[in-house]
Amino acid sequence: MRHYKKGRKLGTDAAHTKAMKRSLVQALFLNDRIKTIESRAKEIRPDVDRIITWAKKGDLHSRRLAIAALGNDKELVREIFEKVAQGMFADRQGGYTRILKLGPRKGDNAPMVIMELVTEPVAKKEEKVEEKAAKAAPKKVEKAVEETEAADEAKAEEVAEEAVEAAEETEEKAE
């Protein structure tokens, strides 16, 4: 039974899986982009997100946790913490990685991907709502114009009828 053994096996024993994941995380932070198998990329994504979250926190305890997670590579941890302190992921609440599928590998047909750190700023929901409103606005404006034109015509007819009635009343009084 696999009690207390979460995650993918990745075809190796536990010690090798742990070392491979640590190595892939280090390579991703060093190069900002790696090419690997899809299952490995999906397996290291939580580790990368956790380290970046620690870096956003920025205290000594978080730094020590990151050093332990990256295999005592203090220089790499310093670089990560500096990038985050400069505001690299400041507006992003999570989802610091992107996985782009490449297709199967030639030798064993393994699904290959490129995993990279996301550096673009986040498009805020308010902007998206405004864009949707801007797209929908011409239709709403046209409807509103049509409604106001119809209402204006109805008011104009009422005013014309009242004017005719008033004219008839003045004629009757004049007689």
# chains A, B, ... in the order shown; residues from 1 in each chain; ligands from 1
>>> select_by_dssp(residues="region 5-169 of chain A", states="alpha helix (DSSP H)", output="short mmCIF file (atom, residue, chain, number, x, y, z; two decimals) with N, CA, C and O atoms, in the first residue's frame")
data_model
loop_
_atom_site.label_atom_id
_atom_site.label_comp_id
_atom_site.auth_asym_id
_atom_site.auth_seq_id
_atom_site.Cartn_x
_atom_site.Cartn_y
_atom_site.Cartn_z
N ALA A 14 12.20 6.50 -4.19
CA ALA A 14 11.85 7.76 -3.54
C ALA A 14 13.04 8.72 -3.46
O ALA A 14 12.89 9.92 -3.70
N ALA A 15 14.22 8.22 -3.15
CA ALA A 15 15.39 9.09 -3.01
C ALA A 15 15.75 9.72 -4.35
O ALA A 15 16.06 10.92 -4.43
N HIS A 16 15.70 8.92 -5.40
CA HIS A 16 16.04 9.45 -6.73
C HIS A 16 14.98 10.44 -7.21
O HIS A 16 15.30 11.46 -7.82
N THR A 17 13.71 10.17 -6.92
CA THR A 17 12.64 11.10 -7.28
C THR A 17 12.84 12.43 -6.58
O THR A 17 12.72 13.50 -7.20
N LYS A 18 13.18 12.40 -5.31
CA LYS A 18 13.40 13.63 -4.54
C LYS A 18 14.57 14.42 -5.10
O LYS A 18 14.49 15.65 -5.29
N ALA A 19 15.65 13.73 -5.41
CA ALA A 19 16.83 14.40 -5.97
C ALA A 19 16.54 14.97 -7.35
O ALA A 19 16.98 16.08 -7.68
N MET A 20 15.79 14.25 -8.16
CA MET A 20 15.46 14.71 -9.51
C MET A 20 14.58 15.95 -9.45
O MET A 20 14.79 16.91 -10.21
N LYS A 21 13.59 15.94 -8.56
CA LYS A 21 12.72 17.10 -8.42
C LYS A 21 13.51 18.32 -7.97
O LYS A 21 13.34 19.42 -8.50
N ARG A 22 14.42 18.14 -7.01
CA ARG A 22 15.24 19.25 -6.53
C ARG A 22 16.11 19.80 -7.66
O ARG A 22 16.24 21.01 -7.84
N SER A 23 16.67 18.91 -8.45
CA SER A 23 17.52 19.32 -9.56
C SER A 23 16.72 20.08 -10.63
O SER A 23 17.19 21.09 -11.17
N LEU A 24 15.50 19.62 -10.92
CA LEU A 24 14.67 20.30 -11.90
C LEU A 24 14.25 21.69 -11.42
O LEU A 24 14.23 22.65 -12.19
N VAL A 25 13.94 21.81 -10.14
CA VAL A 25 13.56 23.12 -9.57
C VAL A 25 14.75 24.07 -9.65
O VAL A 25 14.60 25.24 -10.04
N GLN A 26 15.95 23.59 -9.30
CA GLN A 26 17.14 24.43 -9.40
C GLN A 26 17.38 24.88 -10.84
O GLN A 26 17.67 26.04 -11.10
N ALA A 27 17.24 23.94 -11.79
CA ALA A 27 17.45 24.28 -13.20
C ALA A 27 16.43 25.31 -13.67
O ALA A 27 16.77 26.23 -14.44
N LEU A 28 15.19 25.18 -13.22
CA LEU A 28 14.16 26.14 -13.62
C LEU A 28 14.49 27.54 -13.10
O LEU A 28 14.36 28.52 -13.83
N PHE A 29 14.92 27.64 -11.85
CA PHE A 29 15.24 28.95 -11.30
C PHE A 29 16.51 29.54 -11.93
O PHE A 29 16.62 30.75 -12.08
N LEU A 30 17.46 28.69 -12.30
CA LEU A 30 18.68 29.19 -12.93
C LEU A 30 18.42 29.69 -14.35
O LEU A 30 18.95 30.71 -14.76
N ASN A 31 17.62 28.97 -15.11
CA ASN A 31 17.46 29.26 -16.53
C ASN A 31 16.13 29.91 -16.89
O ASN A 31 15.94 30.28 -18.04
N GLU A 38 6.23 15.86 -19.23
CA GLU A 38 5.05 16.51 -18.67
C GLU A 38 4.80 16.12 -17.21
O GLU A 38 4.50 16.97 -16.38
N SER A 39 4.94 14.85 -16.88
CA SER A 39 4.66 14.42 -15.50
C SER A 39 5.66 15.02 -14.52
O SER A 39 5.29 15.39 -13.40
N ARG A 40 6.92 15.16 -14.93
CA ARG A 40 7.91 15.79 -14.05
C ARG A 40 7.60 17.27 -13.86
O ARG A 40 7.72 17.80 -12.76
N ALA A 41 7.19 17.94 -14.93
CA ALA A 41 6.87 19.36 -14.83
C ALA A 41 5.68 19.58 -13.90
O ALA A 41 5.68 20.50 -13.07
N LYS A 42 4.67 18.74 -14.03
CA LYS A 42 3.50 18.87 -13.17
C LYS A 42 3.84 18.55 -11.71
O LYS A 42 3.22 19.08 -10.79
N GLU A 43 4.82 17.69 -11.52
CA GLU A 43 5.20 17.31 -10.17
C GLU A 43 6.01 18.40 -9.47
O GLU A 43 5.91 18.57 -8.26
N ILE A 44 6.81 19.18 -10.21
CA ILE A 44 7.63 20.21 -9.55
C ILE A 44 6.92 21.55 -9.45
O ILE A 44 7.39 22.44 -8.75
N ARG A 45 5.79 21.71 -10.12
CA ARG A 45 5.08 22.99 -10.08
C ARG A 45 4.74 23.45 -8.66
O ARG A 45 4.98 24.61 -8.31
N PRO A 46 4.21 22.58 -7.78
CA PRO A 46 3.93 23.05 -6.41
C PRO A 46 5.19 23.47 -5.65
O PRO A 46 5.16 24.41 -4.85
N ASP A 47 6.31 22.78 -5.90
CA ASP A 47 7.55 23.14 -5.22
C ASP A 47 8.02 24.53 -5.63
O ASP A 47 8.44 25.33 -4.79
N VAL A 48 7.94 24.83 -6.93
CA VAL A 48 8.35 26.14 -7.43
C VAL A 48 7.45 27.22 -6.84
O VAL A 48 7.93 28.26 -6.37
N ASP A 49 6.14 26.98 -6.86
CA ASP A 49 5.20 27.97 -6.32
C ASP A 49 5.46 28.21 -4.83
O ASP A 49 5.38 29.35 -4.35
N ARG A 50 5.76 27.16 -4.11
CA ARG A 50 6.01 27.29 -2.68
C ARG A 50 7.26 28.13 -2.42
O ARG A 50 7.25 29.01 -1.55
N ILE A 51 8.32 27.91 -3.19
CA ILE A 51 9.56 28.67 -2.99
C ILE A 51 9.34 30.15 -3.32
O ILE A 51 9.82 31.03 -2.61
N ILE A 52 8.59 30.43 -4.37
CA ILE A 52 8.32 31.82 -4.72
C ILE A 52 7.46 32.49 -3.65
O ILE A 52 7.66 33.66 -3.31
N THR A 53 6.52 31.75 -3.09
CA THR A 53 5.70 32.29 -2.01
C THR A 53 6.57 32.61 -0.79
O THR A 53 6.38 33.64 -0.13
N TRP A 54 7.52 31.73 -0.48
CA TRP A 54 8.45 32.02 0.60
C TRP A 54 9.24 33.28 0.31
O TRP A 54 9.48 34.11 1.17
N ALA A 55 9.68 33.41 -0.96
CA ALA A 55 10.47 34.59 -1.33
C ALA A 55 9.64 35.87 -1.21
O ALA A 55 10.17 36.92 -0.84
N LYS A 56 8.35 35.78 -1.50
CA LYS A 56 7.48 36.96 -1.36
C LYS A 56 7.34 37.34 0.11
O LYS A 56 7.23 38.52 0.44
N LYS A 57 7.35 36.33 0.98
CA LYS A 57 7.29 36.61 2.41
C LYS A 57 8.58 37.30 2.86
O LYS A 57 8.53 38.30 3.58
N LEU A 60 13.57 35.61 7.42
CA LEU A 60 14.69 34.69 7.60
C LEU A 60 14.23 33.23 7.58
O LEU A 60 14.89 32.37 6.97
N HIS A 61 13.14 32.96 8.21
CA HIS A 61 12.64 31.58 8.24
C HIS A 61 12.32 31.09 6.83
O HIS A 61 12.66 29.96 6.46
N SER A 62 11.68 31.94 6.03
CA SER A 62 11.36 31.57 4.65
C SER A 62 12.62 31.33 3.84
O SER A 62 12.69 30.41 3.02
N ARG A 63 13.63 32.15 4.08
CA ARG A 63 14.91 31.98 3.36
C ARG A 63 15.55 30.64 3.72
O ARG A 63 16.06 29.93 2.86
N ARG A 64 15.50 30.28 5.00
CA ARG A 64 16.08 29.00 5.43
C ARG A 64 15.30 27.82 4.87
O ARG A 64 15.88 26.79 4.50
N LEU A 65 13.97 27.95 4.79
CA LEU A 65 13.17 26.89 4.18
C LEU A 65 13.52 26.72 2.71
O LEU A 65 13.63 25.60 2.19
N ALA A 66 13.72 27.84 2.01
CA ALA A 66 14.07 27.77 0.59
C ALA A 66 15.46 27.16 0.40
O ALA A 66 15.68 26.37 -0.54
N ILE A 67 16.39 27.50 1.26
CA ILE A 67 17.73 26.91 1.18
C ILE A 67 17.66 25.40 1.37
O ILE A 67 18.30 24.64 0.64
N ALA A 68 16.85 24.96 2.32
CA ALA A 68 16.70 23.53 2.55
C ALA A 68 16.04 22.84 1.36
O ALA A 68 16.42 21.73 0.97
N ALA A 69 15.06 23.50 0.75
CA ALA A 69 14.35 22.90 -0.38
C ALA A 69 15.21 22.83 -1.63
O ALA A 69 15.05 21.94 -2.46
N LYS A 74 22.78 28.53 -1.47
CA LYS A 74 22.47 29.84 -0.90
C LYS A 74 22.51 30.94 -1.94
O LYS A 74 21.74 31.90 -1.88
N GLU A 75 23.40 30.82 -2.91
CA GLU A 75 23.51 31.84 -3.95
C GLU A 75 22.25 31.88 -4.81
O GLU A 75 21.74 32.96 -5.14
N LEU A 76 21.71 30.72 -5.16
CA LEU A 76 20.48 30.66 -5.95
C LEU A 76 19.31 31.23 -5.16
O LEU A 76 18.50 31.99 -5.70
N VAL A 77 19.23 30.91 -3.88
CA VAL A 77 18.16 31.44 -3.03
C VAL A 77 18.26 32.96 -2.93
O VAL A 77 17.25 33.67 -3.00
N ARG A 78 19.48 33.48 -2.83
CA ARG A 78 19.68 34.92 -2.76
C ARG A 78 19.17 35.59 -4.05
O ARG A 78 18.48 36.61 -3.99
N GLU A 79 19.49 34.98 -5.19
CA GLU A 79 19.02 35.53 -6.48
C GLU A 79 17.50 35.53 -6.55
O GLU A 79 16.89 36.52 -6.99
N ILE A 80 16.88 34.43 -6.14
CA ILE A 80 15.41 34.34 -6.18
C ILE A 80 14.79 35.40 -5.28
O ILE A 80 13.87 36.12 -5.70
N PHE A 81 15.29 35.53 -4.07
CA PHE A 81 14.73 36.49 -3.13
C PHE A 81 14.93 37.92 -3.61
O PHE A 81 14.07 38.77 -3.42
N GLU A 82 16.07 38.20 -4.27
CA GLU A 82 16.30 39.54 -4.81
C GLU A 82 15.33 39.85 -5.95
O GLU A 82 14.79 40.95 -6.04
N LYS A 83 15.13 38.89 -6.86
CA LYS A 83 14.19 39.11 -7.96
C LYS A 83 12.79 39.40 -7.45
O LYS A 83 12.10 40.31 -7.92
N VAL A 84 12.37 38.63 -6.47
CA VAL A 84 11.03 38.82 -5.91
C VAL A 84 10.95 40.14 -5.15
O VAL A 84 9.93 40.84 -5.23
N ALA A 85 12.01 40.51 -4.45
CA ALA A 85 12.01 41.78 -3.72
C ALA A 85 11.94 42.97 -4.68
O ALA A 85 11.39 44.02 -4.35
N LYS A 125 -8.98 41.96 -13.22
CA LYS A 125 -10.36 41.66 -13.60
C LYS A 125 -11.12 42.92 -13.97
O LYS A 125 -11.98 42.89 -14.84
N GLU A 126 -10.83 44.04 -13.31
CA GLU A 126 -11.53 45.29 -13.62
C GLU A 126 -11.30 45.69 -15.07
O GLU A 126 -12.20 46.13 -15.75
N GLU A 127 -10.05 45.51 -15.54
CA GLU A 127 -9.73 45.85 -16.93
C GLU A 127 -10.50 44.94 -17.88
O GLU A 127 -11.00 45.38 -18.90
N LYS A 128 -10.57 43.66 -17.52
CA LYS A 128 -11.31 42.72 -18.37
C LYS A 128 -12.79 43.09 -18.42
O LYS A 128 -13.41 43.04 -19.47
N VAL A 129 -13.35 43.49 -17.29
CA VAL A 129 -14.75 43.89 -17.25
C VAL A 129 -14.97 45.12 -18.10
O VAL A 129 -15.95 45.22 -18.84
N GLU A 130 -14.04 46.08 -18.01
CA GLU A 130 -14.16 47.29 -18.82
C GLU A 130 -14.07 46.97 -20.31
O GLU A 130 -14.78 47.55 -21.12
N GLU A 131 -13.18 46.02 -20.68
CA GLU A 131 -13.06 45.64 -22.09
C GLU A 131 -14.37 45.00 -22.57
O GLU A 131 -14.84 45.30 -23.66
N LYS A 132 -14.94 44.12 -21.75
CA LYS A 132 -16.21 43.50 -22.13
C LYS A 132 -17.31 44.55 -22.25
O LYS A 132 -18.13 44.51 -23.15
N ALA A 133 -17.31 45.50 -21.32
CA ALA A 133 -18.31 46.56 -21.36
C ALA A 133 -18.12 47.42 -22.61
O ALA A 133 -19.10 47.84 -23.23
N ALA A 134 -16.87 47.66 -22.97
CA ALA A 134 -16.61 48.46 -24.17
C ALA A 134 -17.08 47.73 -25.43
O ALA A 134 -17.59 48.35 -26.37
N LYS A 135 -16.90 46.41 -25.44
CA LYS A 135 -17.38 45.63 -26.59
C LYS A 135 -18.91 45.60 -26.63
O LYS A 135 -19.50 45.66 -27.69
N ALA A 136 -19.54 45.50 -25.47
CA ALA A 136 -20.99 45.41 -25.41
C ALA A 136 -21.64 46.79 -25.49
O ALA A 136 -22.81 46.91 -25.81
N ALA A 137 -20.87 47.83 -25.21
CA ALA A 137 -21.43 49.18 -25.17
C ALA A 137 -22.06 49.62 -26.48
O ALA A 137 -23.16 50.20 -26.45
N PRO A 138 -21.46 49.40 -27.64
CA PRO A 138 -22.11 49.85 -28.87
C PRO A 138 -23.51 49.25 -29.06
O PRO A 138 -24.43 49.95 -29.46
N LYS A 139 -23.67 47.99 -28.73
CA LYS A 139 -24.99 47.36 -28.85
C LYS A 139 -25.97 48.00 -27.88
O LYS A 139 -27.11 48.30 -28.24
N LYS A 140 -25.52 48.21 -26.65
CA LYS A 140 -26.41 48.81 -25.66
C LYS A 140 -26.74 50.24 -26.03
O LYS A 140 -27.86 50.70 -25.85
N VAL A 141 -25.75 50.96 -26.56
CA VAL A 141 -25.99 52.34 -26.97
C VAL A 141 -26.99 52.39 -28.11
O VAL A 141 -27.90 53.22 -28.11
N GLU A 142 -26.85 51.47 -29.08
CA GLU A 142 -27.80 51.44 -30.19
C GLU A 142 -29.21 51.17 -29.68
O GLU A 142 -30.17 51.83 -30.10
N LYS A 143 -29.35 50.22 -28.77
CA LYS A 143 -30.67 49.92 -28.21
C LYS A 143 -31.22 51.13 -27.46
O LYS A 143 -32.39 51.47 -27.59
N ALA A 144 -30.36 51.77 -26.67
CA ALA A 144 -30.81 52.93 -25.91
C ALA A 144 -31.23 54.06 -26.85
O ALA A 144 -32.24 54.74 -26.61
N VAL A 145 -30.47 54.26 -27.94
CA VAL A 145 -30.81 55.31 -28.90
C VAL A 145 -32.15 55.00 -29.55
O VAL A 145 -33.01 55.88 -29.70
N GLU A 146 -32.34 53.73 -29.93
CA GLU A 146 -33.61 53.35 -30.54
C GLU A 146 -34.77 53.57 -29.57
O GLU A 146 -35.83 54.07 -29.95
N GLU A 147 -34.56 53.19 -28.30
CA GLU A 147 -35.62 53.37 -27.31
C GLU A 147 -35.92 54.85 -27.10
O GLU A 147 -37.08 55.24 -27.00
N THR A 148 -34.88 55.66 -27.00
CA THR A 148 -35.13 57.09 -26.80
C THR A 148 -35.78 57.72 -28.03
O THR A 148 -36.64 58.59 -27.89
N GLU A 149 -35.39 57.27 -29.23
CA GLU A 149 -36.04 57.78 -30.43
C GLU A 149 -37.52 57.40 -30.44
O GLU A 149 -38.38 58.22 -30.77
N ALA A 150 -37.81 56.14 -30.06
CA ALA A 150 -39.20 55.71 -30.02
C ALA A 150 -39.97 56.52 -28.96
O ALA A 150 -41.10 56.95 -29.20
N ALA A 151 -39.34 56.74 -27.82
CA ALA A 151 -39.98 57.51 -26.76
C ALA A 151 -40.17 58.96 -27.21
O ALA A 151 -41.23 59.57 -26.95
N ASP A 152 -39.18 59.54 -27.90
CA ASP A 152 -39.29 60.91 -28.41
C ASP A 152 -40.43 61.02 -29.43
O ASP A 152 -41.18 62.00 -29.43
N GLU A 153 -40.53 60.03 -30.30
CA GLU A 153 -41.62 60.04 -31.30
C GLU A 153 -42.97 59.99 -30.61
O GLU A 153 -43.91 60.70 -30.98
N ALA A 154 -43.08 59.12 -29.59
CA ALA A 154 -44.34 59.01 -28.86
C ALA A 154 -44.66 60.34 -28.15
O ALA A 154 -45.82 60.80 -28.19
N LYS A 155 -43.66 60.96 -27.53
CA LYS A 155 -43.88 62.25 -26.88
C LYS A 155 -44.25 63.32 -27.90
O LYS A 155 -45.12 64.16 -27.65
N ALA A 156 -43.59 63.27 -29.05
CA ALA A 156 -43.88 64.26 -30.10
C ALA A 156 -45.32 64.10 -30.58
O ALA A 156 -46.03 65.09 -30.81
N GLU A 157 -45.79 62.85 -30.72
CA GLU A 157 -47.17 62.61 -31.14
C GLU A 157 -48.14 63.13 -30.08
O GLU A 157 -49.16 63.75 -30.40
N GLU A 158 -47.82 62.88 -28.80
CA GLU A 158 -48.69 63.35 -27.72
C GLU A 158 -48.76 64.89 -27.72
O GLU A 158 -49.84 65.47 -27.59
N VAL A 159 -47.61 65.52 -27.88
CA VAL A 159 -47.56 66.99 -27.91
C VAL A 159 -48.35 67.51 -29.10
O VAL A 159 -49.11 68.50 -28.99
N ALA A 160 -48.21 66.84 -30.25
CA ALA A 160 -48.94 67.27 -31.45
C ALA A 160 -50.46 67.13 -31.22
O ALA A 160 -51.24 68.02 -31.60
N GLU A 161 -50.87 66.01 -30.61
CA GLU A 161 -52.30 65.81 -30.33
C GLU A 161 -52.81 66.88 -29.37
O GLU A 161 -53.90 67.42 -29.54
N GLU A 162 -52.00 67.17 -28.32
CA GLU A 162 -52.40 68.20 -27.37
C GLU A 162 -52.50 69.57 -28.07
O GLU A 162 -53.42 70.35 -27.79
N ALA A 163 -51.58 69.83 -28.97
CA ALA A 163 -51.60 71.10 -29.70
C ALA A 163 -52.84 71.19 -30.59
O ALA A 163 -53.49 72.24 -30.68
N VAL A 164 -53.21 70.09 -31.24
CA VAL A 164 -54.40 70.06 -32.10
C VAL A 164 -55.64 70.28 -31.24
O VAL A 164 -56.55 71.06 -31.60
N GLU A 165 -55.71 69.60 -30.10
CA GLU A 165 -56.85 69.77 -29.20
C GLU A 165 -56.94 71.22 -28.70
O GLU A 165 -58.04 71.80 -28.64
N ALA A 166 -55.79 71.78 -28.34
CA ALA A 166 -55.79 73.16 -27.87
C ALA A 166 -56.24 74.10 -28.98
O ALA A 166 -56.99 75.07 -28.74
N ALA A 167 -55.81 73.84 -30.21
CA ALA A 167 -56.22 74.67 -31.34
C ALA A 167 -57.72 74.56 -31.57
O ALA A 167 -58.42 75.55 -31.84
N GLU A 168 -58.26 73.35 -31.47
CA GLU A 168 -59.70 73.15 -31.64
C GLU A 168 -60.48 73.88 -30.54
O GLU A 168 -61.52 74.48 -30.80
N GLU A 169 -59.97 73.83 -29.31
CA GLU A 169 -60.64 74.50 -28.21
C GLU A 169 -60.64 76.02 -28.43
O GLU A 169 -61.65 76.71 -28.18
#
>>> select_by_dssp(residues="chain A", states="strand (DSSP E)", output="PyMOL selection string")
chain A and resi 33-37+97-104+111-117
>>> decode(residues="region 103-127 of chain A", atoms="N, CA, C and O atoms", output="compact mmCIF listing (two decimals), in the first residue's frame")
# COMPACT_ATOMS: atom_id res chain seq x y z
N GLY A 103 4.83 18.00 -27.63
CA GLY A 103 4.52 16.80 -28.40
C GLY A 103 5.37 15.65 -27.89
O GLY A 103 6.17 15.79 -26.96
N PRO A 104 5.26 14.50 -28.52
CA PRO A 104 5.98 13.32 -28.02
C PRO A 104 7.47 13.33 -28.38
O PRO A 104 7.87 13.86 -29.42
N ARG A 105 8.27 12.73 -27.50
CA ARG A 105 9.70 12.58 -27.74
C ARG A 105 9.91 11.45 -28.73
O ARG A 105 9.17 10.47 -28.75
N LYS A 106 10.91 11.59 -29.57
CA LYS A 106 11.13 10.64 -30.66
C LYS A 106 11.44 9.23 -30.17
O LYS A 106 10.91 8.25 -30.66
N GLY A 107 12.28 9.10 -29.16
CA GLY A 107 12.74 7.77 -28.74
C GLY A 107 11.69 6.93 -28.06
O GLY A 107 11.44 5.79 -28.46
N ASP A 108 11.02 7.48 -27.05
CA ASP A 108 10.08 6.67 -26.26
C ASP A 108 8.66 7.22 -26.24
O ASP A 108 7.83 6.74 -25.47
N ASN A 109 8.40 8.25 -27.05
CA ASN A 109 7.05 8.81 -27.19
C ASN A 109 6.55 9.46 -25.89
O ASN A 109 5.35 9.59 -25.67
N ALA A 110 7.48 9.90 -25.04
CA ALA A 110 7.10 10.57 -23.80
C ALA A 110 6.64 11.99 -24.13
O ALA A 110 7.25 12.67 -24.95
N PRO A 111 5.56 12.46 -23.50
CA PRO A 111 5.07 13.82 -23.79
C PRO A 111 6.03 14.87 -23.24
O PRO A 111 6.23 14.98 -22.03
N MET A 112 6.62 15.67 -24.12
CA MET A 112 7.59 16.69 -23.74
C MET A 112 6.91 18.05 -23.58
O MET A 112 5.96 18.36 -24.29
N VAL A 113 7.43 18.84 -22.65
CA VAL A 113 6.89 20.18 -22.39
C VAL A 113 8.04 21.15 -22.14
O VAL A 113 9.16 20.74 -21.84
N ILE A 114 7.73 22.41 -22.29
CA ILE A 114 8.63 23.46 -21.82
C ILE A 114 7.95 24.09 -20.61
O ILE A 114 6.80 24.52 -20.69
N MET A 115 8.68 24.14 -19.51
CA MET A 115 8.16 24.76 -18.29
C MET A 115 8.94 26.04 -18.08
O MET A 115 10.17 26.04 -18.12
N GLU A 116 8.21 27.15 -17.85
CA GLU A 116 8.88 28.43 -17.69
C GLU A 116 8.22 29.23 -16.58
O GLU A 116 7.06 29.01 -16.23
N LEU A 117 8.98 30.17 -16.04
CA LEU A 117 8.45 31.09 -15.05
C LEU A 117 7.68 32.19 -15.77
O LEU A 117 8.14 32.72 -16.78
N VAL A 118 6.52 32.54 -15.26
CA VAL A 118 5.69 33.58 -15.87
C VAL A 118 6.16 34.93 -15.35
O VAL A 118 6.19 35.17 -14.14
N THR A 119 6.53 35.82 -16.28
CA THR A 119 7.05 37.12 -15.87
C THR A 119 6.14 38.27 -16.29
O THR A 119 6.36 39.40 -15.88
N GLU A 120 5.11 38.00 -17.09
CA GLU A 120 4.21 39.07 -17.53
C GLU A 120 3.36 39.55 -16.37
O GLU A 120 3.00 38.77 -15.49
N PRO A 121 2.98 40.82 -16.36
CA PRO A 121 2.08 41.30 -15.31
C PRO A 121 0.68 40.72 -15.50
O PRO A 121 0.29 40.37 -16.60
N VAL A 122 -0.04 40.66 -14.41
CA VAL A 122 -1.38 40.09 -14.43
C VAL A 122 -2.37 41.12 -14.96
O VAL A 122 -2.35 42.28 -14.55
N ALA A 123 -3.25 40.70 -15.88
CA ALA A 123 -4.34 41.57 -16.33
C ALA A 123 -5.42 41.51 -15.26
O ALA A 123 -5.97 40.45 -14.97
N LYS A 124 -5.75 42.65 -14.68
CA LYS A 124 -6.71 42.68 -13.58
C LYS A 124 -8.12 42.47 -14.10
O LYS A 124 -8.44 42.79 -15.23
N LYS A 125 -8.98 41.96 -13.22
CA LYS A 125 -10.36 41.66 -13.60
C LYS A 125 -11.12 42.92 -13.97
O LYS A 125 -11.98 42.89 -14.84
N GLU A 126 -10.83 44.04 -13.31
CA GLU A 126 -11.53 45.29 -13.62
C GLU A 126 -11.30 45.69 -15.07
O GLU A 126 -12.20 46.13 -15.75
N GLU A 127 -10.05 45.51 -15.54
CA GLU A 127 -9.73 45.85 -16.93
C GLU A 127 -10.50 44.94 -17.88
O GLU A 127 -11.00 45.38 -18.90
